[in-house]
Amino acid sequence: LDSDNNQFEYNNISSRGYTLSVGNAGDSAESNVFENNLLVSESSSVVYFGNGSDTRFVNDTLIKNSATSNFIELSHGNHTLTNVTFDKNNLSFFPSANASLEIYWYMDVNVSNSNGVGVEGAVVNAYNTSSLVVDNGSTGADGFVYQMLIPEGFLDASGWDLQTPYEFEAVKTNYSGDNVTVNITNLESNNITILLNETVVAASSPCDTLNSDYTLTEDIVTTDGCFVVNASNIVID
């Protein structure tokens, strides 16, 4: 691939060599998008990033059938993989490579009470290891925030800069709950649940007070919606 701004969707691509070679010594390839593809290499690495940048993979699957090859080889450019299935420990950088990968995952977060009912209108925050919010959103009527974009980490020839584990919190006025910790590297599911229950709110002001006998010639009326019997032997008649 030696051109720019192309989009490839829902393809099954198989090759005996590189399944995809992005750019070459004479031509770069910029801002190309691959989404929901199956890329299979029979005897070589699946993807080679040779010359170019901003290649984006979303929901793709990479398969290699050669035990001696890598899933990805990198020489140049910054590239992004979101929800892409491959062995992240099986890739290589060319000598003097000026290349990097950003690895992201989608997370669906459900906020429910102890009865399993979704909590609408809760704000969900995802904190990385530096306690920075990397993404947030508000739950809908079903209690979900869908496809929160969570970076696992960034990789170049010097190694990983991991952003995981994450703390997910849910916040809503008059509700309380515990945060959930998720290690994106050892992810078993893209769905997590946060329990959030409504709390009992104390009255914002004291009740009215009865300090003496009271004859009910009319209804008792209080300005605070309640009253306190504040003396002994009072008769309310």
# chains A, B, ... in the order shown; residues from 1 in each chain; ligands from 1

call {"tool": "residues_around", "arguments": {"residues": "segment 130-139 of chain A", "least_positions_apart": "5", "cutoff": "12 Å", "atoms": "only C-alpha atoms", "output": "count of residues only"}}
result
41

call {"tool": "residues_around", "arguments": {"residues": "Phe57 of chain A", "least_positions_apart": "4", "cutoff": "7 Å", "atoms": "only C-alpha atoms", "output": "list in words"}}
result
Val33, Phe34, Glu35, Thr80, Leu81, Thr82 and Val84 of chain A

call {"tool": "closest_residue", "arguments": {"among": "A:Leu155, A:Leu91, A:Leu38, A:Leu20", "to": "Thr68 of chain A", "atoms": "only C-alpha atoms"}}
result
A:Leu91

call {"tool": "residues_around", "arguments": {"residues": "Asp87 of chain A", "least_positions_apart": "5", "cutoff": "9 Å", "atoms": "only C-alpha atoms", "output": "list in words"}}
result
Leu62, Asn70 and Phe71 of chain A

call {"tool": "closest_residue", "arguments": {"among": "A:Asn197, A:Asn5, A:Thr55, A:Ser158", "to": "Phe94 of chain A", "atoms": "only C-alpha atoms"}}
result
A:Ser158
